[in-house]
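Containing mmCIF, C-alpha atoms: model30.cif.
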data_upload
loop_
_atom_site.label_atom_id
_atom_site.label_comp_id
_atom_site.auth_asym_id
_atom_site.auth_seq_id
_atom_site.Cartn_x
_atom_site.Cartn_y
_atom_site.Cartn_z
CA MET A 17 5.64 -0.32 12.72
CA ARG A 18 3.16 -3.17 12.86
CA CYS A 19 2.58 -4.72 9.43
CA LEU A 20 0.19 -7.34 8.13
CA VAL A 21 1.46 -9.11 5.00
CA THR A 22 -1.06 -11.17 3.03
CA GLY A 23 0.53 -13.88 0.93
CA CYS A 24 3.51 -13.85 3.28
CA ALA A 25 4.59 -17.39 2.33
CA GLY A 26 4.75 -16.63 -1.38
CA PHE A 27 7.71 -15.74 -3.57
CA ILE A 28 7.49 -11.96 -3.16
CA GLY A 29 5.63 -11.99 0.15
CA SER A 30 8.26 -13.99 2.03
CA THR A 31 11.02 -11.76 0.68
CA LEU A 32 9.11 -8.64 1.72
CA THR A 33 8.44 -10.14 5.16
CA GLU A 34 12.16 -10.63 5.75
CA ARG A 35 12.90 -7.10 4.54
CA LEU A 36 10.34 -5.55 6.91
CA LEU A 37 11.62 -7.59 9.85
CA ALA A 38 15.19 -6.51 9.08
CA ARG A 39 14.03 -2.90 9.27
CA GLY A 40 12.65 -3.47 12.76
CA ALA A 41 8.97 -3.83 11.92
CA SER A 42 6.79 -6.51 13.48
CA VAL A 43 4.98 -8.64 10.91
CA LEU A 44 1.80 -10.67 11.12
CA GLY A 45 1.91 -12.96 8.11
CA TYR A 46 -1.45 -14.04 6.66
CA ASP A 47 -1.47 -16.97 4.23
CA ASN A 48 -3.64 -20.01 3.54
CA LEU A 49 -0.55 -21.87 2.22
CA ALA A 50 -2.47 -23.04 -0.86
CA THR A 51 0.44 -22.01 -3.06
CA GLY A 52 2.78 -20.41 -0.53
CA ARG A 53 5.50 -22.48 1.14
CA GLU A 54 6.08 -22.37 4.87
CA ASP A 55 9.76 -23.24 4.31
CA PHE A 56 10.07 -19.80 2.68
CA LEU A 57 9.39 -18.44 6.17
CA LEU A 58 12.14 -20.29 8.03
CA ASN A 59 14.17 -17.10 8.46
CA ALA A 60 11.11 -15.10 9.46
CA HIS A 61 10.14 -17.65 12.13
CA GLN A 62 13.51 -17.07 13.79
CA GLN A 63 12.61 -13.40 14.38
CA ARG A 64 10.76 -12.34 17.53
CA GLY A 65 8.65 -9.88 15.58
CA PHE A 66 7.03 -12.44 13.27
CA LYS A 67 3.82 -14.43 13.65
CA LEU A 68 2.08 -16.54 11.00
CA LEU A 69 -1.69 -16.79 10.81
CA ARG A 70 -2.77 -19.60 8.50
CA ALA A 71 -6.11 -18.38 7.15
CA ASP A 72 -7.93 -17.47 3.96
CA LEU A 73 -8.81 -13.93 2.88
CA LEU A 74 -12.31 -15.15 2.04
CA ASP A 75 -12.78 -15.84 5.76
CA ALA A 76 -13.92 -12.31 6.59
CA GLU A 77 -14.36 -12.95 10.31
CA THR A 78 -10.79 -14.18 10.85
CA LEU A 79 -9.42 -11.48 8.58
CA THR A 80 -11.19 -8.71 10.47
CA ALA A 81 -9.99 -10.04 13.82
CA SER A 82 -6.40 -10.12 12.53
CA MET A 83 -6.35 -6.39 11.75
CA GLN A 84 -6.35 -5.22 15.35
CA HIS A 85 -3.29 -3.09 16.21
CA VAL A 86 -2.02 -3.05 12.59
CA ASP A 87 -0.46 0.13 11.14
CA VAL A 88 -0.11 -0.82 7.47
CA VAL A 89 -1.28 -3.71 5.29
CA TYR A 90 0.89 -5.11 2.51
CA HIS A 91 -1.61 -7.00 0.37
CA LEU A 92 0.21 -9.45 -1.90
CA ALA A 93 -2.01 -12.55 -1.77
CA ALA A 94 -3.59 -13.30 -5.15
CA ASN A 95 -4.13 -15.90 -7.79
CA ALA A 96 -1.20 -15.35 -10.14
CA ASP A 97 -2.16 -18.03 -12.65
CA VAL A 98 -2.62 -15.72 -15.63
CA ARG A 99 -2.12 -18.39 -18.25
CA PHE A 100 -4.98 -20.68 -17.24
CA GLY A 101 -7.48 -18.00 -16.20
CA THR A 102 -10.08 -19.03 -18.76
CA GLU A 103 -10.13 -22.56 -17.32
CA HIS A 104 -11.47 -21.30 -13.97
CA PRO A 105 -13.14 -17.94 -14.72
CA GLY A 106 -14.28 -17.27 -11.15
CA LYS A 107 -10.89 -17.76 -9.51
CA ASP A 108 -9.45 -14.32 -10.30
CA LEU A 109 -12.65 -12.63 -9.17
CA GLU A 110 -12.68 -14.47 -5.84
CA GLN A 111 -8.99 -14.51 -4.96
CA ASN A 112 -8.00 -11.13 -6.37
CA THR A 113 -11.02 -8.81 -6.35
CA ILE A 114 -13.31 -10.12 -3.60
CA ALA A 115 -10.32 -10.91 -1.38
CA THR A 116 -9.09 -7.33 -1.82
CA HIS A 117 -12.51 -5.98 -0.88
CA ASN A 118 -12.44 -8.15 2.23
CA VAL A 119 -9.05 -6.72 3.16
CA LEU A 120 -10.34 -3.17 2.73
CA GLU A 121 -13.43 -3.84 4.83
CA ALA A 122 -11.37 -5.43 7.61
CA MET A 123 -9.15 -2.35 7.57
CA ARG A 124 -12.13 0.00 7.75
CA VAL A 125 -13.65 -1.82 10.70
CA ASN A 126 -10.35 -1.67 12.59
CA GLY A 127 -9.40 1.90 11.68
CA VAL A 128 -6.39 0.83 9.57
CA SER A 129 -5.91 3.31 6.75
CA ARG A 130 -2.69 2.44 4.85
CA ILE A 131 -2.47 -0.28 2.22
CA ALA A 132 0.30 -1.31 -0.17
CA PHE A 133 -1.04 -3.45 -3.01
CA THR A 134 0.71 -5.50 -5.67
CA SER A 135 -1.09 -4.94 -8.94
CA SER A 136 0.30 -5.79 -12.36
CA GLY A 137 1.45 -4.37 -15.66
CA ALA A 138 -1.30 -6.60 -17.10
CA VAL A 139 -3.80 -3.84 -16.26
CA TYR A 140 -2.55 -1.91 -19.31
CA GLY A 141 -3.71 -4.65 -21.68
CA GLU A 142 -2.16 -4.18 -25.11
CA ALA A 143 -0.92 -0.68 -24.42
CA SER A 144 -0.72 1.91 -27.18
CA ARG A 145 2.23 3.63 -25.44
CA VAL A 146 5.45 1.74 -24.83
CA PRO A 147 7.14 2.21 -22.39
CA THR A 148 3.79 2.59 -20.65
CA PRO A 149 3.39 5.29 -17.97
CA GLU A 150 1.06 5.11 -14.98
CA ASP A 151 -1.36 7.64 -16.48
CA ALA A 152 -1.84 5.69 -19.72
CA PRO A 153 -5.51 5.02 -20.49
CA PHE A 154 -6.70 1.52 -19.74
CA PRO A 155 -7.62 -0.35 -22.93
CA VAL A 156 -9.98 -3.28 -23.28
CA GLN A 157 -8.78 -5.93 -20.83
CA THR A 158 -7.24 -9.04 -22.38
CA SER A 159 -7.07 -11.36 -19.35
CA LEU A 160 -9.27 -12.20 -16.40
CA TYR A 161 -6.23 -11.68 -14.18
CA GLY A 162 -5.68 -8.14 -15.49
CA ALA A 163 -9.39 -7.37 -15.16
CA SER A 164 -9.40 -8.57 -11.54
CA LYS A 165 -6.44 -6.33 -10.71
CA VAL A 166 -8.12 -3.31 -12.34
CA ALA A 167 -11.22 -3.99 -10.24
CA ALA A 168 -9.12 -4.32 -7.07
CA GLU A 169 -7.37 -1.03 -7.83
CA GLY A 170 -10.80 0.56 -8.28
CA PHE A 171 -11.98 -0.63 -4.87
CA ILE A 172 -8.80 0.67 -3.25
CA ALA A 173 -9.22 4.09 -4.86
CA ALA A 174 -12.86 4.22 -3.77
CA TYR A 175 -11.92 3.42 -0.16
CA CYS A 176 -9.29 6.16 -0.32
CA ALA A 177 -11.96 8.61 -1.47
CA GLY A 178 -14.73 7.39 0.82
CA PHE A 179 -12.90 6.47 4.01
CA GLY A 180 -9.67 8.47 3.92
CA PHE A 181 -7.35 5.55 3.20
CA GLN A 182 -3.85 6.06 1.81
CA SER A 183 -2.71 3.58 -0.81
CA TYR A 184 0.44 2.49 -2.60
CA ILE A 185 -0.33 0.54 -5.76
CA PHE A 186 2.53 -1.27 -7.51
CA ARG A 187 2.06 -2.33 -11.12
CA LEU A 188 4.69 -5.01 -11.45
CA VAL A 189 6.29 -6.62 -14.45
CA SER A 190 7.17 -10.31 -14.02
CA VAL A 191 9.38 -10.85 -10.98
CA LEU A 192 12.45 -13.11 -10.97
CA GLY A 193 14.87 -14.38 -8.34
CA GLU A 194 15.19 -16.64 -5.32
CA ARG A 195 12.00 -18.53 -4.33
CA TYR A 196 10.64 -18.08 -7.87
CA ALA A 197 8.19 -20.90 -8.52
CA HIS A 198 6.08 -19.81 -11.49
CA GLY A 199 6.90 -18.54 -14.98
CA HIS A 200 8.95 -19.01 -18.11
CA VAL A 201 12.36 -19.65 -16.52
CA LEU A 202 10.90 -22.54 -14.51
CA ASP A 203 9.01 -23.85 -17.55
CA PHE A 204 12.12 -23.84 -19.74
CA TYR A 205 14.35 -25.32 -17.03
CA ARG A 206 11.90 -28.17 -16.40
CA GLN A 207 11.79 -29.01 -20.10
CA LEU A 208 15.55 -28.89 -20.56
CA ARG A 209 16.23 -30.94 -17.45
CA ALA A 210 13.88 -33.63 -18.79
CA ASN A 211 15.18 -33.43 -22.37
CA PRO A 212 18.14 -31.12 -23.09
CA ALA A 213 17.82 -31.80 -26.83
CA ARG A 214 14.45 -30.09 -27.34
CA LEU A 215 12.59 -27.02 -26.07
CA ARG A 216 9.03 -25.97 -26.83
CA VAL A 217 8.28 -22.24 -26.57
CA LEU A 218 4.77 -20.85 -26.43
CA GLY A 219 4.47 -18.12 -29.06
CA ASP A 220 6.92 -17.08 -31.74
CA GLY A 221 9.61 -15.99 -29.27
CA ARG A 222 9.39 -12.33 -30.25
CA GLN A 223 7.22 -11.37 -27.29
CA ARG A 224 9.02 -8.49 -25.56
CA LYS A 225 8.79 -8.17 -21.80
CA SER A 226 10.46 -6.41 -18.92
CA TYR A 227 11.28 -8.12 -15.64
CA VAL A 228 12.52 -7.18 -12.18
CA TYR A 229 14.61 -8.97 -9.55
CA VAL A 230 12.62 -9.84 -6.42
CA HIS A 231 14.85 -7.93 -3.98
CA ASP A 232 14.66 -4.87 -6.23
CA CYS A 233 10.87 -5.23 -6.34
CA VAL A 234 10.63 -5.37 -2.54
CA GLU A 235 12.97 -2.40 -2.17
CA ALA A 236 10.74 -0.37 -4.50
CA MET A 237 7.74 -1.13 -2.30
CA VAL A 238 9.50 -0.20 0.93
CA THR A 239 10.90 2.96 -0.62
CA ALA A 240 7.50 4.13 -1.87
CA VAL A 241 5.72 3.50 1.43
CA GLU A 242 8.39 5.56 3.18
CA ARG A 243 8.70 8.42 0.72
CA ALA A 244 5.43 8.87 -1.21
CA HIS A 245 2.77 11.00 0.44
CA GLU A 246 -0.20 11.35 -1.93
CA ARG A 247 -3.57 9.87 -1.06
CA ILE A 248 -3.27 7.38 -3.96
CA ASN A 249 0.28 6.54 -5.04
CA ILE A 250 0.65 4.42 -8.18
CA PHE A 251 4.03 3.13 -9.34
CA ASN A 252 5.22 0.97 -12.19
CA VAL A 253 8.00 -1.33 -11.03
CA GLY A 254 10.41 -2.98 -13.45
CA CYS A 255 13.66 -2.58 -15.32
CA ASP A 256 13.73 0.12 -17.98
CA SER A 257 15.14 -2.45 -20.38
CA SER A 258 13.33 -5.42 -21.91
CA CYS A 259 14.12 -8.63 -23.73
CA GLU A 260 12.52 -10.93 -26.24
CA VAL A 261 11.66 -14.46 -25.16
CA LYS A 262 14.26 -15.68 -27.67
CA GLU A 263 16.95 -13.75 -25.80
CA SER A 264 15.97 -15.32 -22.50
CA VAL A 265 16.01 -18.76 -24.12
CA GLY A 266 19.55 -18.07 -25.30
CA TRP A 267 20.76 -17.01 -21.84
CA ILE A 268 19.21 -20.09 -20.22
CA CYS A 269 20.56 -22.56 -22.77
CA SER A 270 24.04 -21.02 -22.61
CA ALA A 271 24.10 -21.18 -18.80
CA LEU A 272 23.03 -24.84 -18.89
CA GLY A 273 25.46 -25.70 -21.68
CA VAL A 274 22.79 -27.13 -23.97
CA THR A 275 21.90 -26.54 -27.64
CA PRO A 276 18.37 -27.89 -28.05
CA GLN A 277 16.16 -27.83 -31.09
CA ILE A 278 13.74 -25.02 -30.29
CA ASP A 279 10.14 -25.36 -31.42
CA TYR A 280 8.49 -21.94 -31.53
CA GLY A 281 4.79 -21.37 -31.96
CA THR A 282 3.30 -19.26 -34.74
CA SER A 283 1.37 -16.74 -32.63
CA ASP A 284 2.71 -13.43 -31.33
CA ARG A 285 1.56 -14.47 -27.83
CA GLY A 286 1.91 -17.52 -25.65
CA TRP A 287 -1.74 -17.98 -24.61
CA PRO A 288 -5.08 -16.16 -24.74
CA GLY A 289 -4.67 -12.95 -22.75
CA ASP A 290 -0.89 -12.86 -23.03
CA ASN A 291 0.20 -9.35 -24.04
CA PRO A 292 3.01 -9.48 -26.62
CA VAL A 293 4.71 -6.38 -25.20
CA ILE A 294 4.92 -5.30 -21.55
CA VAL A 295 7.49 -2.57 -20.97
CA LEU A 296 6.70 0.04 -18.30
CA ASP A 297 7.88 3.59 -17.75
CA THR A 298 9.43 3.52 -14.26
CA SER A 299 10.47 7.17 -14.00
CA ARG A 300 7.97 7.81 -11.18
CA ILE A 301 9.43 5.25 -8.76
CA ARG A 302 12.95 6.21 -9.82
CA ALA A 303 12.19 9.81 -8.84
CA LEU A 304 11.99 8.55 -5.23
CA GLY A 305 15.59 7.37 -5.45
CA TRP A 306 14.96 3.71 -6.29
CA ARG A 307 17.13 1.88 -8.83
CA PRO A 308 17.18 -1.85 -9.69
CA ARG A 309 20.44 -3.53 -8.74
CA LEU A 310 20.18 -6.34 -11.29
CA GLY A 311 19.39 -6.14 -14.97
CA ILE A 312 17.14 -8.66 -16.70
CA ARG A 313 19.88 -11.06 -17.82
CA GLU A 314 21.38 -11.13 -14.33
CA ALA A 315 17.94 -11.74 -12.81
CA VAL A 316 17.23 -14.61 -15.22
CA LEU A 317 20.57 -16.24 -14.36
CA ALA A 318 20.03 -15.74 -10.61
CA THR A 319 16.65 -17.47 -10.99
CA LEU A 320 18.18 -20.34 -12.92
CA GLU A 321 20.89 -20.77 -10.27
CA TYR A 322 18.22 -20.89 -7.55
CA LEU A 323 16.17 -23.49 -9.43
CA SER A 324 19.24 -25.63 -10.05
CA ALA A 325 19.98 -25.61 -6.30
CA ASN A 326 16.36 -26.29 -5.27
CA PRO A 327 14.99 -29.30 -7.17
CA GLU A 328 11.98 -29.47 -4.85
CA ILE A 329 10.69 -26.30 -6.56
CA VAL A 330 11.24 -27.78 -9.99
CA ASP A 331 9.57 -31.05 -9.02
CA GLY A 332 6.58 -29.26 -7.51
CA PRO A 333 3.13 -28.74 -9.07
CA GLN A 334 3.20 -28.41 -12.86
#
Structure encoded using structure tokens:
Amino acid sequence: MRCLVTGCAGFIGSTLTERLLARGASVLGYDNLATGREDFLLNAHQQRGFKLLRADLLDAETLTASMQHVDVVYHLAANADVRFGTEHPGKDLEQNTIATHNVLEAMRVNGVSRIAFTSSGAVYGEASRVPTPEDAPFPVQTSLYGASKVAAEGFIAAYCAGFGFQSYIFRLVSVLGERYAHGHVLDFYRQLRANPARLRVLGDGRQRKSYVYVHDCVEAMVTAVERAHERINIFNVGCDSSCEVKESVGWICSALGVTPQIDYGTSDRGWPGDNPVIVLDTSRIRALGWRPRLGIREAVLATLEYLSANPEIVDGPQ
């Protein structure tokens, strides 16, 4: 199996790349390294079946040339900066939607017909059904990030209908674990390392979210690509359980042995576009035999342990 992985130097992408190589696939990694880290690929570079192409998905000519002899595309590259989307309104459109269209066109030109795509639970907006199933109606979008993922899903479905593609769309909750470099665990750890006596939390702390451990996330993707056979396969991926932000704060503070004064906000969300509740119905992916190995608390603590051992991540871009 010859795979192309976009965003291969990212948190999830590098983990997926290693998993595919371990299964005997050859992997062409595609990443512009704007946010990805080449040191995440140290293990991959030791494998004969891996090659890294440093390029941007907006470079359609290079992208199209890279698709020769590829069997399946795992498209993970995206702008994941949900929180600051309104500060650069065109970024989600370019890096998530237009980039996805470029991937699809490069596939079409080269006769590649299988794509696995990491979407997001953000596409459900403020869902009226919780836990939210894959066939829930899409509400009004609340974030530019979510809107860009909905648009990308739409393009993928249209290419499936128009050009005979087969797709695997994964609507992910927030992912935790080794190589994590973005999100609330990092934010809280940075604050507490700088000042263990005080912690500022965006929102009132009652936001309820589900999460998933990165290796469990990758295993769900591999399982679906192997076992699902519809033209368009859509799967929620996450733990069936959830936690409030306050609970996660408690786990983190306990693990670090600190008792800070915690300053909560007054809003039920952390920023414009933040959905107060994201809990997904994962029965569809579970029906394929997938189960998460780690629960949310264990995933939070594994992430904290990784950050404690890798200060270069913590000291990276704020």
_Going by the chain IDs and residue numbers used in this file, which residues fall under the PyMOL selection byres ((chain A and resi 69-83) around 10)? Write them as a PyMOL selection string._
chain A and resi 19-20+22-25+44-50+54+67-68+84-89+93-94+110-112+114-128
*Tell me which residues the PyMOL selection byres ((chain A and resi 149-164) around 6) grabs here, as a ChimeraX atom specification.*
/A:98,108-109,112-113,138-141,148,165-167,289,297
Expected file contents, prior selection, C-alpha atoms, as a PDB file, in the frame of the given file:
ATOM      1  CA  VAL A  98      -2.620 -15.720 -15.630  1.00  0.00           C
ATOM      2  CA  ASP A 108      -9.450 -14.320 -10.300  1.00  0.00           C
ATOM      3  CA  LEU A 109     -12.650 -12.630  -9.170  1.00  0.00           C
ATOM      4  CA  ASN A 112      -8.000 -11.130  -6.370  1.00  0.00           C
ATOM      5  CA  THR A 113     -11.020  -8.810  -6.350  1.00  0.00           C
ATOM      6  CA  ALA A 138      -1.300  -6.600 -17.100  1.00  0.00           C
ATOM      7  CA  VAL A 139      -3.800  -3.840 -16.260  1.00  0.00           C
ATOM      8  CA  TYR A 140      -2.550  -1.910 -19.310  1.00  0.00           C
ATOM      9  CA  GLY A 141      -3.710  -4.650 -21.680  1.00  0.00           C
ATOM     10  CA  THR A 148       3.790   2.590 -20.650  1.00  0.00           C
ATOM     11  CA  LYS A 165      -6.440  -6.330 -10.710  1.00  0.00           C
ATOM     12  CA  VAL A 166      -8.120  -3.310 -12.340  1.00  0.00           C
ATOM     13  CA  ALA A 167     -11.220  -3.990 -10.240  1.00  0.00           C
ATOM     14  CA  GLY A 289      -4.670 -12.950 -22.750  1.00  0.00           C
ATOM     15  CA  ASP A 297       7.880   3.590 -17.750  1.00  0.00           C
TER      16      ASP A 297
END
_Applying the PyMOL selection byres ((chain A and resi 253-268) around 8) to the file I just gave you, which residues come out? Please list them as number ranges by chain._
A: 186-189, 201, 204-205, 221-228, 233, 236, 251-252, 269-272, 295-298, 301, 308, 311-313, 316-317, 320
*Find, counting only C-alpha atoms, the residue in A:Glu321, A:Ile250, A:Arg216, A:Ile329 that gets nearest to Thr51 (chain A).*
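Going through A:Glu321, A:Ile250, A:Arg216, A:Ile329 one by one, the smallest distance to Thr51 (chain A) is for A:Ile329.
CA of Val234 (chain A) sits 12.9 Å away from CA of Ile185 (chain A).
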*With only C-alpha atoms as the basis for distance, which of A:Pro212, A:Gly170, A:Gly193, A:Pro292 is at the shortest distance from Thr319 (chain A)?*
A:Gly193
Quick one: what's the axis-aligned box for region 226-244 of chain A, all listed atoms, 8 Å on every side, centre and edges in Å to one decimal, as JSON?
{"center_x": 10.1, "center_y": -0.5, "center_z": -7.9, "size_x": 25.4, "size_y": 34.7, "size_z": 38.1}
Arg243 (chain A) environment, 9 Å, only C-alpha atoms, sequence neighbours closer than 4 positions dropped, as a compact mmCIF listing (two decimals) with C-alpha atoms, keeping the file's coordinate frame:
# COMPACT_ATOMS: atom_id res chain seq x y z
CA VAL A 238 9.50 -0.20 0.93
CA THR A 239 10.90 2.96 -0.62
CA LEU A 304 11.99 8.55 -5.23
*Nearest to Ala244 (chain A) among A:Gly178, A:Gly137, A:Gly305, A:Gly65, with distances taken over all atoms listed in the file: which residue is it?*
A:Gly305
*Just give me the gap between CA of Val217 (chain A) and CA of Asp284 (chain A) in Å, one decimal is fine.*
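These atoms are spaced 11.5 Å apart.
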*Selection near Ala132 (chain A), 6 Å with all atoms listed in the file, sequence-local residues under 3 positions removed, as an MDAnalysis selection string*: chainID A and resid 90 183:185
Export C-alpha atoms of the chosen residues as a PDB file, in the coordinates of the input?
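Below is the file that was written, again_25.pdb:
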ATOM      1  CA  TYR A  90       0.890  -5.110   2.510  1.00  0.00           C
ATOM      2  CA  SER A 183      -2.710   3.580  -0.810  1.00  0.00           C
ATOM      3  CA  TYR A 184       0.440   2.490  -2.600  1.00  0.00           C
ATOM      4  CA  ILE A 185      -0.330   0.540  -5.760  1.00  0.00           C
TER       5      ILE A 185
END
*Tell me, as an MDAnalysis selection string, which residues lie within 10 Å of Ala173 (chain A), counting all atoms listed in the file; anything in the same chain fewer than 2 positions away does not count.*
chainID A and resid 167:171 175:183 185 247:249
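Distance check against Gly281 (chain A) using only C-alpha atoms: of A:Gly332, A:Val293, A:Asp220, A:Leu323, the minimum falls on A:Asp220.
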